[in-house]
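Asker: Supplied in structure tokens, the structure appears directly below.
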Amino acid sequence: MQRTKRQEKILYIIDTDNIENQQQLTEVLNKEGFRVTQATVSRDMKELGLSKRKGIDGVAYYKRPIDPKLSKLKTLFHQSVTKIDSTQNIIVIKTLSGSANSACSLIDKINHPYIVGTIAGDDTIIIVVRSSEVVPTVLKLLESYRD
């Protein structure tokens, strides 16, 4: 039970913070009340399949694994998205003409708990998220698929 809660917390942390190394993640977990060593964190990260991917700032951070079935959709998303913007709890994505439905498929398949729903047109996707507070987290996730 402790391991499950700890691993859920690890996924939450990497979704909301930029974690560059195991030591940094170990420190955050300890501050959150999980008494862990770097060896424990290393095992958890391996079990969760975490990998490093470059963020929009060029620095590599730990991210959730990409489902192999989603890799083609990720490529389509990367190639077709031209702009991502937001207002309050709505995110708007602009794509190349005729690409919004394909790009939106990736967002739908991610099945992220902060995303309430999506609507895709010809070159625009509208994403409704749970609250304005979680918009930065979802934006960071979407930007990671553009890399």
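Chains: A, B, ... in order of the structure tokens. Residues: from 1 per chain. Ligands: from 1, in order shown.
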Set out as a tab-separated table a contact list for region 5-37 of chain A and region 64-79 of chain A with a cut-off of 10 Å, giving each residue of region 5-37 of chain A that qualifies its closest atom pair and distance in Å to one decimal, counting only C-alpha atoms, ordered by chain and rising residue number.

Answerer:
```
residue	atom	partner	partner_atom	distance
A:Ile10	CA	A:Arg64	CA	9.9
A:Leu11	CA	A:Arg64	CA	7.2
A:Tyr12	CA	A:Arg64	CA	9.9
A:Ile14	CA	A:Arg64	CA	7.7
A:Asp15	CA	A:Arg64	CA	7.9
```

Asker: Next, dump the selected residues to file, keeping only C-alpha atoms, as a PDB file, in the first residue's frame.

Answerer:
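Result file is again-v9.pdb:
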```pdb
ATOM      1  CA  ILE A  10       5.874  10.298  -7.892  1.00  0.00           C
ATOM      2  CA  LEU A  11       3.612  10.488 -10.955  1.00  0.00           C
ATOM      3  CA  TYR A  12       1.868  13.544  -9.525  1.00  0.00           C
ATOM      4  CA  ILE A  14       6.622  14.685 -12.282  1.00  0.00           C
ATOM      5  CA  ASP A  15       3.333  15.886 -13.801  1.00  0.00           C
TER       6      ASP A  15
END
```

Asker: So that I can see what lies close to Ile126 (chain A), please list as a PyMOL selection string the residues with an atom at most 8 Å from it, counting only C-alpha atoms and leaving out residues fewer than 5 positions away in the same chain.

Answerer: chain A and resi 90-93+118-120

Asker: How would the residues just picked look written out with N, CA and C atoms as a short mmCIF file (atom, residue, chain, number, x, y, z; two decimals), in the first residue's frame?

Answerer:
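Heads up, here's the output in result.cif:
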```
data_model
loop_
_atom_site.label_atom_id
_atom_site.label_comp_id
_atom_site.auth_asym_id
_atom_site.auth_seq_id
_atom_site.Cartn_x
_atom_site.Cartn_y
_atom_site.Cartn_z
N ILE A 90 -9.75 26.86 -20.20
CA ILE A 90 -9.85 26.38 -21.58
C ILE A 90 -8.49 26.53 -22.26
N ILE A 91 -8.09 25.47 -22.96
CA ILE A 91 -6.85 25.50 -23.73
C ILE A 91 -7.25 25.41 -25.20
N VAL A 92 -6.64 26.26 -26.02
CA VAL A 92 -6.90 26.28 -27.45
C VAL A 92 -5.62 25.91 -28.18
N ILE A 93 -5.73 24.93 -29.06
CA ILE A 93 -4.59 24.50 -29.87
C ILE A 93 -4.89 24.77 -31.33
N THR A 118 -12.68 17.39 -25.02
CA THR A 118 -12.07 18.07 -26.16
C THR A 118 -13.08 18.23 -27.28
N ILE A 119 -12.85 19.23 -28.12
CA ILE A 119 -13.62 19.43 -29.34
C ILE A 119 -12.61 19.80 -30.42
N ALA A 120 -12.72 19.13 -31.58
CA ALA A 120 -11.79 19.43 -32.67
C ALA A 120 -12.57 19.86 -33.91
#
```

Asker: List every residue of chain A that DSSP, applied to the backbone of this structure, places in alpha helix (DSSP H), and write the result as an MDAnalysis selection string.

Answerer: chainID A and resid 2:16 22:31 38:48 71:80 100:110 135:144

Asker: Rounded to one decimal, what separation in Å do you get between CA of Ser132 (chain A) and CA of Thr16 (chain A)?

Answerer: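 Here the two named atoms are 14.0 Å from each other.
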
Asker: Do you know which residues are at most 12 Å from region 58-60 of chain A counting only C-alpha atoms, after dropping those on the same chain fewer than 3 positions away, and could you put them as an MDAnalysis selection string?

Answerer: chainID A and resid 14 18:21 51:55 63 143:144 147

Asker: I'd like the neighbourhood of Gly98 (chain A) as an MDAnalysis selection string, where a residue qualifies if any of its atoms comes within 12 Å (using only C-alpha atoms), though same-chain residues fewer than 3 positions away should be ignored.

Answerer: chainID A and resid 76 80:81 94:95 101:104 120:125

Asker: So how far away is CA of Lys5 (chain A) from CA of Gly117 (chain A), in Å?

Answerer: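 Atom-to-atom, CA of Gly117 (chain A) and CA of Lys5 (chain A) are spaced 27.0 Å apart.
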
Asker: For each of A:Thr87, A:His112, A:Ala39, A:Leu106, take the minimum atom-to-atom distance to Glu133 (chain A), counting only C-alpha atoms, then give the residue where this is smallest.

Answerer: A:Thr87
